[in-house]
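Everything below belongs to protein.txt, which stores compact mmCIF, N, CA and C atoms.
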# COMPACT_ATOMS: atom_id res chain seq x y z
N MET A 4 0.85 -1.18 0.00
CA MET A 4 0.00 0.00 0.00
C MET A 4 0.89 1.24 0.00
N GLU A 5 0.63 2.12 -0.93
CA GLU A 5 1.48 3.30 -1.10
C GLU A 5 1.03 4.47 -0.22
N THR A 6 2.00 5.25 0.21
CA THR A 6 1.72 6.49 0.93
C THR A 6 1.53 7.62 -0.07
N VAL A 7 1.05 8.74 0.41
CA VAL A 7 0.88 9.91 -0.46
C VAL A 7 2.22 10.28 -1.09
N GLY A 8 3.27 10.28 -0.31
CA GLY A 8 4.59 10.62 -0.83
C GLY A 8 5.02 9.70 -1.95
N GLN A 9 4.80 8.42 -1.78
CA GLN A 9 5.16 7.45 -2.82
C GLN A 9 4.34 7.65 -4.09
N ILE A 10 3.06 7.94 -3.91
CA ILE A 10 2.17 8.19 -5.06
C ILE A 10 2.65 9.42 -5.83
N ILE A 11 2.99 10.48 -5.10
CA ILE A 11 3.44 11.72 -5.73
C ILE A 11 4.75 11.48 -6.49
N ARG A 12 5.71 10.85 -5.85
CA ARG A 12 7.00 10.61 -6.51
C ARG A 12 6.83 9.75 -7.77
N LYS A 13 6.07 8.69 -7.63
CA LYS A 13 5.87 7.77 -8.76
C LYS A 13 5.24 8.50 -9.95
N LYS A 14 4.23 9.30 -9.69
CA LYS A 14 3.54 10.02 -10.76
C LYS A 14 4.44 11.11 -11.35
N ARG A 15 5.16 11.84 -10.50
CA ARG A 15 6.07 12.88 -10.98
C ARG A 15 7.12 12.28 -11.92
N GLU A 16 7.70 11.17 -11.49
CA GLU A 16 8.72 10.52 -12.30
C GLU A 16 8.14 9.97 -13.60
N SER A 17 6.92 9.43 -13.54
CA SER A 17 6.31 8.88 -14.77
C SER A 17 6.00 9.98 -15.78
N LEU A 18 5.78 11.20 -15.29
CA LEU A 18 5.53 12.34 -16.19
C LEU A 18 6.84 13.00 -16.65
N GLY A 19 7.96 12.53 -16.09
CA GLY A 19 9.26 13.10 -16.46
C GLY A 19 9.50 14.48 -15.90
N LEU A 20 8.82 14.80 -14.80
CA LEU A 20 8.99 16.12 -14.18
C LEU A 20 10.05 16.06 -13.09
N LEU A 21 10.81 17.13 -12.98
CA LEU A 21 11.83 17.23 -11.94
C LEU A 21 11.22 17.81 -10.66
N LEU A 22 11.87 17.52 -9.54
CA LEU A 22 11.42 18.09 -8.26
C LEU A 22 11.30 19.61 -8.36
N ARG A 23 12.28 20.24 -8.98
CA ARG A 23 12.27 21.70 -9.06
C ARG A 23 11.09 22.23 -9.87
N GLN A 24 10.67 21.49 -10.89
CA GLN A 24 9.54 21.92 -11.70
C GLN A 24 8.24 21.88 -10.91
N VAL A 25 8.03 20.77 -10.22
CA VAL A 25 6.80 20.63 -9.44
C VAL A 25 6.80 21.59 -8.26
N SER A 26 7.94 21.71 -7.58
CA SER A 26 8.00 22.60 -6.42
C SER A 26 7.78 24.06 -6.83
N ALA A 27 8.28 24.45 -7.99
CA ALA A 27 8.06 25.81 -8.47
C ALA A 27 6.58 26.04 -8.77
N TYR A 28 5.92 25.05 -9.36
CA TYR A 28 4.51 25.18 -9.70
C TYR A 28 3.65 25.33 -8.44
N VAL A 29 3.96 24.57 -7.41
CA VAL A 29 3.14 24.61 -6.20
C VAL A 29 3.68 25.62 -5.18
N ASP A 30 4.77 26.32 -5.55
CA ASP A 30 5.34 27.40 -4.76
C ASP A 30 5.85 26.95 -3.39
N ILE A 31 6.63 25.88 -3.40
CA ILE A 31 7.30 25.44 -2.18
C ILE A 31 8.76 25.15 -2.51
N ASP A 32 9.58 25.07 -1.50
CA ASP A 32 10.99 24.75 -1.69
C ASP A 32 11.14 23.31 -2.17
N GLN A 33 12.10 23.10 -3.04
CA GLN A 33 12.36 21.77 -3.59
C GLN A 33 12.65 20.76 -2.47
N ALA A 34 13.34 21.18 -1.43
CA ALA A 34 13.67 20.29 -0.31
C ALA A 34 12.41 19.83 0.41
N ILE A 35 11.42 20.69 0.50
CA ILE A 35 10.16 20.32 1.16
C ILE A 35 9.44 19.25 0.35
N LEU A 36 9.37 19.44 -0.96
CA LEU A 36 8.73 18.43 -1.80
C LEU A 36 9.47 17.10 -1.71
N SER A 37 10.76 17.15 -1.67
CA SER A 37 11.56 15.93 -1.54
C SER A 37 11.22 15.21 -0.23
N LYS A 38 11.08 15.98 0.85
CA LYS A 38 10.73 15.38 2.15
C LYS A 38 9.31 14.81 2.13
N ILE A 39 8.40 15.46 1.43
CA ILE A 39 7.04 14.94 1.29
C ILE A 39 7.09 13.60 0.57
N GLU A 40 7.85 13.54 -0.51
CA GLU A 40 7.95 12.30 -1.27
C GLU A 40 8.57 11.17 -0.45
N ARG A 41 9.46 11.52 0.48
CA ARG A 41 10.11 10.51 1.33
C ARG A 41 9.33 10.28 2.63
N ASN A 42 8.17 10.89 2.75
CA ASN A 42 7.31 10.76 3.93
C ASN A 42 7.98 11.27 5.20
N GLU A 43 8.83 12.26 5.05
CA GLU A 43 9.49 12.89 6.19
C GLU A 43 8.77 14.18 6.59
N ARG A 44 7.87 14.62 5.74
CA ARG A 44 7.08 15.81 6.01
C ARG A 44 5.69 15.59 5.43
N LYS A 45 4.69 16.09 6.12
CA LYS A 45 3.31 15.93 5.67
C LYS A 45 2.82 17.22 5.01
N PRO A 46 2.23 17.10 3.83
CA PRO A 46 1.67 18.28 3.18
C PRO A 46 0.34 18.67 3.83
N ASN A 47 -0.13 19.87 3.53
CA ASN A 47 -1.47 20.24 3.98
C ASN A 47 -2.45 19.99 2.83
N LYS A 48 -3.71 20.16 3.12
CA LYS A 48 -4.77 19.86 2.15
C LYS A 48 -4.65 20.73 0.89
N ASP A 49 -4.37 22.00 1.05
CA ASP A 49 -4.23 22.88 -0.11
C ASP A 49 -3.09 22.43 -1.02
N LEU A 50 -2.00 22.04 -0.41
CA LEU A 50 -0.85 21.58 -1.19
C LEU A 50 -1.18 20.28 -1.93
N ILE A 51 -1.94 19.41 -1.29
CA ILE A 51 -2.37 18.17 -1.94
C ILE A 51 -3.12 18.48 -3.22
N PHE A 52 -4.02 19.46 -3.18
CA PHE A 52 -4.79 19.82 -4.36
C PHE A 52 -3.91 20.41 -5.46
N LYS A 53 -2.94 21.25 -5.08
CA LYS A 53 -2.03 21.83 -6.08
C LYS A 53 -1.17 20.75 -6.74
N ILE A 54 -0.67 19.84 -5.91
CA ILE A 54 0.16 18.75 -6.45
C ILE A 54 -0.68 17.86 -7.36
N ALA A 55 -1.88 17.55 -6.95
CA ALA A 55 -2.76 16.72 -7.78
C ALA A 55 -2.98 17.36 -9.13
N GLU A 56 -3.14 18.67 -9.15
CA GLU A 56 -3.38 19.39 -10.40
C GLU A 56 -2.20 19.26 -11.36
N ILE A 57 -1.00 19.56 -10.89
CA ILE A 57 0.15 19.52 -11.80
C ILE A 57 0.50 18.09 -12.21
N LEU A 58 0.24 17.12 -11.33
CA LEU A 58 0.58 15.74 -11.66
C LEU A 58 -0.57 14.98 -12.32
N GLN A 59 -1.66 15.70 -12.58
CA GLN A 59 -2.82 15.10 -13.25
C GLN A 59 -3.36 13.89 -12.47
N LEU A 60 -3.42 14.06 -11.17
CA LEU A 60 -3.98 13.02 -10.29
C LEU A 60 -5.39 13.43 -9.90
N ASP A 61 -6.23 12.45 -9.62
CA ASP A 61 -7.58 12.73 -9.15
C ASP A 61 -7.48 13.36 -7.76
N LYS A 62 -8.00 14.58 -7.62
CA LYS A 62 -7.88 15.32 -6.36
C LYS A 62 -8.51 14.58 -5.19
N GLU A 63 -9.69 14.02 -5.42
CA GLU A 63 -10.38 13.32 -4.33
C GLU A 63 -9.61 12.08 -3.90
N GLU A 64 -9.09 11.34 -4.87
CA GLU A 64 -8.33 10.13 -4.54
C GLU A 64 -7.06 10.45 -3.77
N LEU A 65 -6.35 11.51 -4.19
CA LEU A 65 -5.14 11.90 -3.47
C LEU A 65 -5.48 12.40 -2.08
N LEU A 66 -6.61 13.11 -1.96
CA LEU A 66 -7.05 13.57 -0.64
C LEU A 66 -7.38 12.38 0.26
N ILE A 67 -8.01 11.37 -0.28
CA ILE A 67 -8.33 10.17 0.50
C ILE A 67 -7.05 9.51 1.00
N GLN A 68 -6.06 9.41 0.14
CA GLN A 68 -4.78 8.82 0.55
C GLN A 68 -4.11 9.68 1.62
N PHE A 69 -4.16 11.00 1.45
CA PHE A 69 -3.58 11.94 2.40
C PHE A 69 -4.24 11.81 3.78
N MET A 70 -5.57 11.81 3.78
CA MET A 70 -6.31 11.71 5.05
C MET A 70 -6.08 10.34 5.71
N SER A 71 -6.07 9.29 4.92
CA SER A 71 -5.87 7.95 5.50
C SER A 71 -4.46 7.82 6.06
N ASP A 72 -3.47 8.44 5.41
CA ASP A 72 -2.11 8.45 5.97
C ASP A 72 -2.09 9.12 7.33
N ARG A 73 -2.77 10.27 7.42
CA ARG A 73 -2.80 11.02 8.69
C ARG A 73 -3.44 10.20 9.80
N ILE A 74 -4.56 9.58 9.48
CA ILE A 74 -5.27 8.77 10.48
C ILE A 74 -4.43 7.56 10.88
N ALA A 75 -3.87 6.88 9.91
CA ALA A 75 -3.05 5.70 10.20
C ALA A 75 -1.84 6.06 11.05
N ASP A 76 -1.19 7.18 10.73
CA ASP A 76 -0.04 7.61 11.53
C ASP A 76 -0.43 7.89 12.97
N GLU A 77 -1.61 8.46 13.14
CA GLU A 77 -2.08 8.84 14.48
C GLU A 77 -2.40 7.64 15.35
N ILE A 78 -3.00 6.59 14.79
CA ILE A 78 -3.50 5.50 15.63
C ILE A 78 -2.80 4.16 15.43
N ALA A 79 -1.83 4.09 14.53
CA ALA A 79 -1.21 2.81 14.18
C ALA A 79 -0.63 2.07 15.38
N ASP A 80 -0.11 2.78 16.36
CA ASP A 80 0.53 2.13 17.51
C ASP A 80 -0.45 1.71 18.61
N GLU A 81 -1.71 2.02 18.42
CA GLU A 81 -2.70 1.68 19.43
C GLU A 81 -3.23 0.27 19.20
N ASP A 82 -3.36 -0.49 20.25
CA ASP A 82 -3.89 -1.85 20.14
C ASP A 82 -5.34 -1.86 19.65
N CYS A 83 -6.04 -0.80 19.93
CA CYS A 83 -7.47 -0.74 19.59
C CYS A 83 -7.72 0.04 18.31
N ALA A 84 -6.73 0.17 17.43
CA ALA A 84 -6.84 1.00 16.23
C ALA A 84 -8.04 0.62 15.36
N SER A 85 -8.26 -0.67 15.16
CA SER A 85 -9.38 -1.10 14.32
C SER A 85 -10.71 -0.71 14.93
N ARG A 86 -10.82 -0.84 16.24
CA ARG A 86 -12.07 -0.44 16.91
C ARG A 86 -12.27 1.06 16.83
N VAL A 87 -11.19 1.81 16.94
CA VAL A 87 -11.28 3.27 16.83
C VAL A 87 -11.86 3.65 15.47
N LEU A 88 -11.38 3.01 14.43
CA LEU A 88 -11.88 3.32 13.07
C LEU A 88 -13.36 2.99 12.93
N LYS A 89 -13.78 1.87 13.51
CA LYS A 89 -15.20 1.49 13.44
C LYS A 89 -16.08 2.49 14.17
N VAL A 90 -15.65 2.91 15.34
CA VAL A 90 -16.42 3.89 16.11
C VAL A 90 -16.44 5.22 15.38
N ALA A 91 -15.32 5.62 14.82
CA ALA A 91 -15.25 6.88 14.07
C ALA A 91 -16.20 6.85 12.87
N GLU A 92 -16.26 5.71 12.20
CA GLU A 92 -17.17 5.58 11.06
C GLU A 92 -18.62 5.75 11.51
N GLN A 93 -18.96 5.16 12.63
CA GLN A 93 -20.32 5.31 13.17
C GLN A 93 -20.60 6.76 13.53
N LYS A 94 -19.63 7.43 14.13
CA LYS A 94 -19.81 8.83 14.50
C LYS A 94 -19.98 9.71 13.26
N ILE A 95 -19.25 9.43 12.21
CA ILE A 95 -19.38 10.20 10.97
C ILE A 95 -20.78 10.03 10.40
N LYS A 96 -21.27 8.82 10.38
CA LYS A 96 -22.62 8.58 9.88
C LYS A 96 -23.65 9.34 10.72
N TYR A 97 -23.48 9.32 12.03
CA TYR A 97 -24.39 10.02 12.93
C TYR A 97 -24.34 11.53 12.64
N ILE A 98 -23.15 12.07 12.56
CA ILE A 98 -23.01 13.52 12.32
C ILE A 98 -23.66 13.92 10.99
N LYS A 99 -23.40 13.14 9.95
CA LYS A 99 -23.97 13.46 8.63
C LYS A 99 -25.48 13.35 8.62
N SER A 100 -26.02 12.42 9.39
CA SER A 100 -27.48 12.25 9.40
C SER A 100 -28.18 13.33 10.21
N HIS A 101 -27.42 14.07 11.02
CA HIS A 101 -28.03 15.12 11.85
C HIS A 101 -27.63 16.53 11.41
N GLN A 102 -27.21 16.64 10.17
CA GLN A 102 -26.84 17.97 9.66
C GLN A 102 -28.00 18.59 8.92
Represent the structure contained in this file as C-alpha cells.
Amino acid sequence: METVGQIIRKKRESLGLLLRQVSAYVDIDQAILSKIERNERKPNKDLIFKIAEILQLDKEELLIQFMSDRIADEIADEDCASRVLKVAEQKIKYIKSHQ
C-alpha cells in the first residue's frame, strides 16, 4: 500500500517532471517536496490539491490517501486502532445524518 509521498514521486517521475519543476509550480521549496515524497514531512490539504493538479492526479483520490495516511499515523501504535476506526465511522454517519 502506497503512501501519499510514494504516489506523488511515482507520478512525478512517470511524467518526467523534476522536483524543481513541481515545487516551483506549487510554490514550495524543492527540499520540502523531496521530504514529502520521502514521507518525512506531511503536506497540507491545499498543497495536496495543487500537487494533484500539476501531476494530473484525481484530487479526491489523493485527498483520501492523504487523510488515510494522517489517520493511520495517528492511531497505528494503538492496540485498539481497528475499533477506533469502526467507532469513528459510526460517528461520521451520525453527524452526517443530523446535519
One-decimal distance in Å that lies between atom CA of A:Ile74 and atom CA of A:Ala27: 28.8 Å
Atomic separation - atom CA of A:Leu20 relative to atom N of A:Lys53, Å: 15.9 Å
Selected residue of minimal separation from A:Glu40 among A:Leu65, A:Arg23, A:Ile11, A:Tyr28, counting all atoms listed in the file: A:Ile11
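When the distance limit is 12 Å and only C-alpha atoms are what count, the residues near A:Asp61, minus those fewer than 6 positions from it on the same chain, are Ile10, Ile11, Lys14, Ile51, Phe52, Lys53, Ile54, Ala55, Ile67 and Gln68 of chain A.
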Distance of atom CA of A:Glu16 from atom C of A:Ile57, expressed in Å to one decimal place: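 For atom C of A:Ile57 relative to atom CA of A:Glu16, the distance reads 11.2 Å.
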Please identify every residue of stretch 53-75 of chain A that has at least one atom no farther than 10 Å from an atom of stretch 43-47 of chain A, counting only C-alpha atoms, and for each give the shortest atom pair and the distance in Å to one decimal, arranged by chain then increasing number, as JSON lines.
{"residue": "A:Ile54", "atom": "CA", "partner": "A:Pro46", "partner_atom": "CA", "distance": 9.8}
{"residue": "A:Leu66", "atom": "CA", "partner": "A:Asn47", "partner_atom": "CA", "distance": 9.8}
{"residue": "A:Phe69", "atom": "CA", "partner": "A:Pro46", "partner_atom": "CA", "distance": 8.3}
{"residue": "A:Met70", "atom": "CA", "partner": "A:Asn47", "partner_atom": "CA", "distance": 9.9}
{"residue": "A:Asp72", "atom": "CA", "partner": "A:Lys45", "partner_atom": "CA", "distance": 9.2}
{"residue": "A:Arg73", "atom": "CA", "partner": "A:Lys45", "partner_atom": "CA", "distance": 8.4}
Among the residues A:Arg12, A:Ser71, A:Val87, A:Met4, the one that comes closest to A:Arg41 [using all atoms listed in the file]: A:Arg12
